[in-house]
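Here's the structure we're looking at; comments come further down.
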Amino acid sequence: MAYWLVKSEPKVYSWDRFTKEKKVTWDGVRNYAARNNLRAMKKGDQVLFYHSNEGVEIVGIASVMKESYQDPTTTETAWLVVDLKPVKKLKQPVSLQLIKQDKRLVNMDLVRLGRLSVQTVKEDEWAIIMQLAGE
């Protein structure tokens with residue numbers, strides 16, 4: 001199993017909306033590195049759900065329901081989507097500030113590649129995030 005992080009502005013698509021809808025097609029990605037991460041996702045992989053711009057914190061865990069396929073919002077074949085489902089809200093959100101203060105997470109994509117909307121998360125980083133979230 002691999003681990004990932006996806007970002008969404010709460011005003012655009014929040015964790016609460018995600019849990020009400022029970023699944024989402026993660027569309028609209030128009031960055032090649034993020035697209036490549038979507039392509040690499042496998043069914044059952046775990047995904048951190050991050051609120052960007054407002055809140056700036058990891059708030060929940062999702063799971064990949066369906067592996068990558070053509071983004072239905074465009075006819076350009078370069079762009080892909082995956083389907084995600086919510087797994088659980090974190091007991092305690094993990095803020096970007098807390099992540100940046102933790103020396104063990106200095107190489108995390110969220111710190112190094114802040115603008116990338118779909119990121120990899122290493123297994124040890126996942127474990128640290130779960131610890132910080134009280135999970």
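Chain identifiers are assigned as A, B, and so on, following the order in which chains appear in the structure tokens; residues are numbered from 1 within each chain, and ligands are numbered from 1 in order of appearance.
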Next item on the list: as a PyMOL selection string, list the residues of chain A assigned to helix (DSSP H, G or I) by DSSP on the backbone atoms of this structure.
Entry: chain A and resi 15-21+32-40+96-101+103-105+109-112+123-132
Prev. selection, N, CA and C atoms, output as an mmCIF file, in the first residue's frame:
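Output (selection.cif):
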data_model
loop_
_atom_site.group_PDB
_atom_site.id
_atom_site.type_symbol
_atom_site.label_atom_id
_atom_site.label_comp_id
_atom_site.auth_asym_id
_atom_site.auth_seq_id
_atom_site.Cartn_x
_atom_site.Cartn_y
_atom_site.Cartn_z
ATOM 1 N N TRP A 15 -13.849 18.711 3.718
ATOM 2 C CA TRP A 15 -13.955 17.364 4.300
ATOM 3 C C TRP A 15 -15.412 17.050 4.644
ATOM 4 N N ASP A 16 -16.122 18.014 5.218
ATOM 5 C CA ASP A 16 -17.524 17.786 5.586
ATOM 6 C C ASP A 16 -18.374 17.442 4.366
ATOM 7 N N ARG A 17 -18.171 18.150 3.284
ATOM 8 C CA ARG A 17 -18.912 17.842 2.049
ATOM 9 C C ARG A 17 -18.550 16.444 1.544
ATOM 10 N N PHE A 18 -17.266 16.134 1.584
ATOM 11 C CA PHE A 18 -16.772 14.829 1.153
ATOM 12 C C PHE A 18 -17.456 13.707 1.938
ATOM 13 N N THR A 19 -17.531 13.858 3.259
ATOM 14 C CA THR A 19 -18.137 12.802 4.071
ATOM 15 C C THR A 19 -19.642 12.694 3.827
ATOM 16 N N LYS A 20 -20.286 13.801 3.525
ATOM 17 C CA LYS A 20 -21.729 13.754 3.192
ATOM 18 C C LYS A 20 -21.960 13.044 1.863
ATOM 19 N N GLU A 21 -21.097 13.315 0.897
ATOM 20 C CA GLU A 21 -21.267 12.731 -0.444
ATOM 21 C C GLU A 21 -20.769 11.291 -0.523
ATOM 22 N N TYR A 32 1.451 18.223 -14.251
ATOM 23 C CA TYR A 32 1.944 16.904 -14.668
ATOM 24 C C TYR A 32 2.464 16.062 -13.507
ATOM 25 N N ALA A 33 3.139 16.665 -12.545
ATOM 26 C CA ALA A 33 3.635 15.903 -11.393
ATOM 27 C C ALA A 33 2.463 15.361 -10.572
ATOM 28 N N ALA A 34 1.454 16.202 -10.347
ATOM 29 C CA ALA A 34 0.259 15.752 -9.615
ATOM 30 C C ALA A 34 -0.465 14.669 -10.401
ATOM 31 N N ARG A 35 -0.554 14.839 -11.723
ATOM 32 C CA ARG A 35 -1.183 13.832 -12.584
ATOM 33 C C ARG A 35 -0.457 12.502 -12.479
ATOM 34 N N ASN A 36 0.869 12.541 -12.474
ATOM 35 C CA ASN A 36 1.649 11.315 -12.356
ATOM 36 C C ASN A 36 1.383 10.620 -11.024
ATOM 37 N N ASN A 37 1.181 11.397 -9.976
ATOM 38 C CA ASN A 37 0.830 10.818 -8.679
ATOM 39 C C ASN A 37 -0.547 10.160 -8.741
ATOM 40 N N LEU A 38 -1.506 10.806 -9.401
ATOM 41 C CA LEU A 38 -2.821 10.185 -9.570
ATOM 42 C C LEU A 38 -2.692 8.866 -10.326
ATOM 43 N N ARG A 39 -1.878 8.858 -11.358
ATOM 44 C CA ARG A 39 -1.675 7.648 -12.169
ATOM 45 C C ARG A 39 -1.106 6.503 -11.328
ATOM 46 N N ALA A 40 -0.269 6.829 -10.348
ATOM 47 C CA ALA A 40 0.390 5.812 -9.530
ATOM 48 C C ALA A 40 -0.496 5.272 -8.403
ATOM 49 N N LEU A 96 -0.194 22.656 9.162
ATOM 50 C CA LEU A 96 1.045 22.827 8.409
ATOM 51 C C LEU A 96 2.138 23.379 9.323
ATOM 52 N N GLN A 97 1.780 24.262 10.210
ATOM 53 C CA GLN A 97 2.753 24.840 11.138
ATOM 54 C C GLN A 97 3.396 23.739 11.991
ATOM 55 N N LEU A 98 2.577 22.830 12.498
ATOM 56 C CA LEU A 98 3.090 21.727 13.312
ATOM 57 C C LEU A 98 3.985 20.810 12.479
ATOM 58 N N ILE A 99 3.584 20.545 11.251
ATOM 59 C CA ILE A 99 4.382 19.700 10.348
ATOM 60 C C ILE A 99 5.740 20.345 10.084
ATOM 61 N N LYS A 100 5.750 21.646 9.813
ATOM 62 C CA LYS A 100 7.005 22.349 9.525
ATOM 63 C C LYS A 100 7.922 22.415 10.750
ATOM 64 N N GLN A 101 7.341 22.391 11.939
ATOM 65 C CA GLN A 101 8.142 22.438 13.168
ATOM 66 C C GLN A 101 8.761 21.087 13.518
ATOM 67 N N LYS A 103 11.042 18.223 12.940
ATOM 68 C CA LYS A 103 12.266 17.966 12.166
ATOM 69 C C LYS A 103 12.197 16.644 11.394
ATOM 70 N N ARG A 104 11.396 15.692 11.866
ATOM 71 C CA ARG A 104 11.274 14.406 11.183
ATOM 72 C C ARG A 104 10.546 14.536 9.843
ATOM 73 N N LEU A 105 9.836 15.644 9.633
ATOM 74 C CA LEU A 105 9.036 15.833 8.423
ATOM 75 C C LEU A 105 9.642 16.863 7.465
ATOM 76 N N ASP A 109 6.836 16.025 1.147
ATOM 77 C CA ASP A 109 6.428 16.810 -0.027
ATOM 78 C C ASP A 109 5.642 18.055 0.380
ATOM 79 N N LEU A 110 4.811 17.942 1.398
ATOM 80 C CA LEU A 110 4.005 19.087 1.826
ATOM 81 C C LEU A 110 4.881 20.262 2.232
ATOM 82 N N VAL A 111 6.051 19.990 2.748
ATOM 83 C CA VAL A 111 6.991 21.037 3.149
ATOM 84 C C VAL A 111 7.836 21.483 1.950
ATOM 85 N N ARG A 112 8.321 20.530 1.166
ATOM 86 C CA ARG A 112 9.229 20.828 0.050
ATOM 87 C C ARG A 112 8.518 21.314 -1.207
ATOM 88 N N GLU A 123 5.955 6.161 4.138
ATOM 89 C CA GLU A 123 5.367 5.383 5.233
ATOM 90 C C GLU A 123 5.722 5.952 6.607
ATOM 91 N N ASP A 124 6.978 6.358 6.795
ATOM 92 C CA ASP A 124 7.370 6.924 8.086
ATOM 93 C C ASP A 124 6.700 8.280 8.324
ATOM 94 N N GLU A 125 6.501 9.058 7.263
ATOM 95 C CA GLU A 125 5.801 10.344 7.392
ATOM 96 C C GLU A 125 4.349 10.105 7.798
ATOM 97 N N TRP A 126 3.727 9.095 7.177
ATOM 98 C CA TRP A 126 2.351 8.736 7.523
ATOM 99 C C TRP A 126 2.252 8.414 9.014
ATOM 100 N N ALA A 127 3.183 7.593 9.503
ATOM 101 C CA ALA A 127 3.169 7.189 10.909
ATOM 102 C C ALA A 127 3.314 8.408 11.831
ATOM 103 N N ILE A 128 4.164 9.334 11.468
ATOM 104 C CA ILE A 128 4.349 10.550 12.261
ATOM 105 C C ILE A 128 3.084 11.400 12.264
ATOM 106 N N ILE A 129 2.462 11.552 11.093
ATOM 107 C CA ILE A 129 1.211 12.320 11.000
ATOM 108 C C ILE A 129 0.138 11.674 11.870
ATOM 109 N N MET A 130 0.043 10.344 11.819
ATOM 110 C CA MET A 130 -0.952 9.644 12.653
ATOM 111 C C MET A 130 -0.667 9.882 14.136
ATOM 112 N N GLN A 131 0.595 9.880 14.500
ATOM 113 C CA GLN A 131 0.976 10.145 15.889
ATOM 114 C C GLN A 131 0.568 11.570 16.291
ATOM 115 N N LEU A 132 0.859 12.547 15.420
ATOM 116 C CA LEU A 132 0.513 13.938 15.722
ATOM 117 C C LEU A 132 -1.004 14.142 15.787
#
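Near A:Val56, within 9 Å and counting only C-alpha atoms, sit Glu9, Tyr50, His51, Ser52, Asn53, Val94, Ser95, Leu96 and Gln97 of chain A; same-chain residues fewer than 3 positions away were not included.
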For N, CA and C atoms, I'd like the residues from the last selection saved as a PDB file, in the first residue's frame.
ATOM      1  N   GLU A   9      -9.239  23.423  -1.130  1.00  0.00           N
ATOM      2  CA  GLU A   9      -9.657  24.571  -0.339  1.00  0.00           C
ATOM      3  C   GLU A   9     -11.035  24.244   0.234  1.00  0.00           C
ATOM      4  N   TYR A  50      -6.174  17.267   2.942  1.00  0.00           N
ATOM      5  CA  TYR A  50      -5.585  18.498   3.456  1.00  0.00           C
ATOM      6  C   TYR A  50      -6.411  19.697   3.028  1.00  0.00           C
ATOM      7  N   HIS A  51      -6.790  20.531   3.988  1.00  0.00           N
ATOM      8  CA  HIS A  51      -7.459  21.795   3.687  1.00  0.00           C
ATOM      9  C   HIS A  51      -6.397  22.849   3.428  1.00  0.00           C
ATOM     10  N   SER A  52      -6.368  23.389   2.223  1.00  0.00           N
ATOM     11  CA  SER A  52      -5.374  24.398   1.863  1.00  0.00           C
ATOM     12  C   SER A  52      -5.980  25.799   1.921  1.00  0.00           C
ATOM     13  N   ASN A  53      -5.107  26.782   1.978  1.00  0.00           N
ATOM     14  CA  ASN A  53      -5.447  28.212   1.992  1.00  0.00           C
ATOM     15  C   ASN A  53      -6.210  28.649   3.234  1.00  0.00           C
ATOM     16  N   VAL A  94      -3.926  18.087  11.876  1.00  0.00           N
ATOM     17  CA  VAL A  94      -2.483  18.324  11.942  1.00  0.00           C
ATOM     18  C   VAL A  94      -2.170  19.522  11.053  1.00  0.00           C
ATOM     19  N   SER A  95      -1.788  20.617  11.689  1.00  0.00           N
ATOM     20  CA  SER A  95      -1.563  21.872  10.963  1.00  0.00           C
ATOM     21  C   SER A  95      -0.240  21.855  10.211  1.00  0.00           C
ATOM     22  N   LEU A  96      -0.194  22.656   9.162  1.00  0.00           N
ATOM     23  CA  LEU A  96       1.045  22.827   8.409  1.00  0.00           C
ATOM     24  C   LEU A  96       2.138  23.379   9.323  1.00  0.00           C
ATOM     25  N   GLN A  97       1.780  24.262  10.210  1.00  0.00           N
ATOM     26  CA  GLN A  97       2.753  24.840  11.138  1.00  0.00           C
ATOM     27  C   GLN A  97       3.396  23.739  11.991  1.00  0.00           C
TER      28      GLN A  97
END
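Near A:Pro72, within 10 Å and counting only C-alpha atoms, sit Thr25, Asp27, Gly28, Glu76, Thr77, Trp79, Leu80 and Val81 of chain A; same-chain residues fewer than 4 positions away were not included.
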Suppose we keep C-alpha atoms; can you now write the selection as a PDB file, in the first residue's frame?
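Output file again00.pdb is given in full below:
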ATOM      1  CA  THR A  25     -13.990  11.948  -8.369  1.00  0.00           C
ATOM      2  CA  ASP A  27     -10.831  15.936 -11.022  1.00  0.00           C
ATOM      3  CA  GLY A  28      -9.446  19.178 -12.351  1.00  0.00           C
ATOM      4  CA  GLU A  76      -7.543  16.324 -23.270  1.00  0.00           C
ATOM      5  CA  THR A  77      -6.301  12.777 -22.748  1.00  0.00           C
ATOM      6  CA  TRP A  79      -5.454  14.458 -17.556  1.00  0.00           C
ATOM      7  CA  LEU A  80      -6.599  11.797 -15.119  1.00  0.00           C
ATOM      8  CA  VAL A  81      -8.799  11.358 -12.056  1.00  0.00           C
TER       9      VAL A  81
END
Next item on the list: Could you give me, as a ChimeraX atom specification, the residues within 9 Å of A:Pro93, counting only C-alpha atoms and dropping anything in the same chain fewer than 5 positions from it?
Entry: /A:57-60,132-133
Please dump the current selection as a PDB file, in the first residue's frame; keep N, CA and C atoms.
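Saved result, selection_34.pdb, follows:
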ATOM      1  N   GLU A  57      -4.454  22.491   7.162  1.00  0.00           N
ATOM      2  CA  GLU A  57      -4.232  21.356   8.047  1.00  0.00           C
ATOM      3  C   GLU A  57      -4.758  20.076   7.411  1.00  0.00           C
ATOM      4  N   ILE A  58      -4.175  18.963   7.831  1.00  0.00           N
ATOM      5  CA  ILE A  58      -4.667  17.654   7.430  1.00  0.00           C
ATOM      6  C   ILE A  58      -5.841  17.338   8.343  1.00  0.00           C
ATOM      7  N   VAL A  59      -6.992  17.028   7.752  1.00  0.00           N
ATOM      8  CA  VAL A  59      -8.207  16.854   8.551  1.00  0.00           C
ATOM      9  C   VAL A  59      -8.775  15.443   8.526  1.00  0.00           C
ATOM     10  N   GLY A  60      -8.387  14.634   7.527  1.00  0.00           N
ATOM     11  CA  GLY A  60      -8.987  13.316   7.443  1.00  0.00           C
ATOM     12  C   GLY A  60      -8.195  12.350   6.596  1.00  0.00           C
ATOM     13  N   LEU A 132       0.859  12.547  15.420  1.00  0.00           N
ATOM     14  CA  LEU A 132       0.513  13.938  15.722  1.00  0.00           C
ATOM     15  C   LEU A 132      -1.004  14.142  15.787  1.00  0.00           C
ATOM     16  N   ALA A 133      -1.743  13.307  15.056  1.00  0.00           N
ATOM     17  CA  ALA A 133      -3.200  13.411  15.046  1.00  0.00           C
ATOM     18  C   ALA A 133      -3.857  12.654  16.202  1.00  0.00           C
TER      19      ALA A 133
END
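Residue nearest A:Met108 within the list A:Val29, A:Leu5, A:Met65, A:Met41: A:Leu5 [criterion: smallest interatomic distance, only C-alpha atoms].
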Next item on the list: Quick one: pull the distance between atom CA of A:Glu54 and atom CA of A:Tyr69, Å, one decimal.
Entry: 29.5 Å
Notebook entry, point to check: Do you have the atom CA of A:Lys88-atom CA of A:Asp102 distance handy?
Noted result: 23.6 Å
Next item on the list: Using DSSP on the backbone, list every residue of chain A that comes out as strand (DSSP E), and give them as a PyMOL selection string.
Entry: chain A and resi 3-8+24-25+46-51+57-70+80-95+118-121
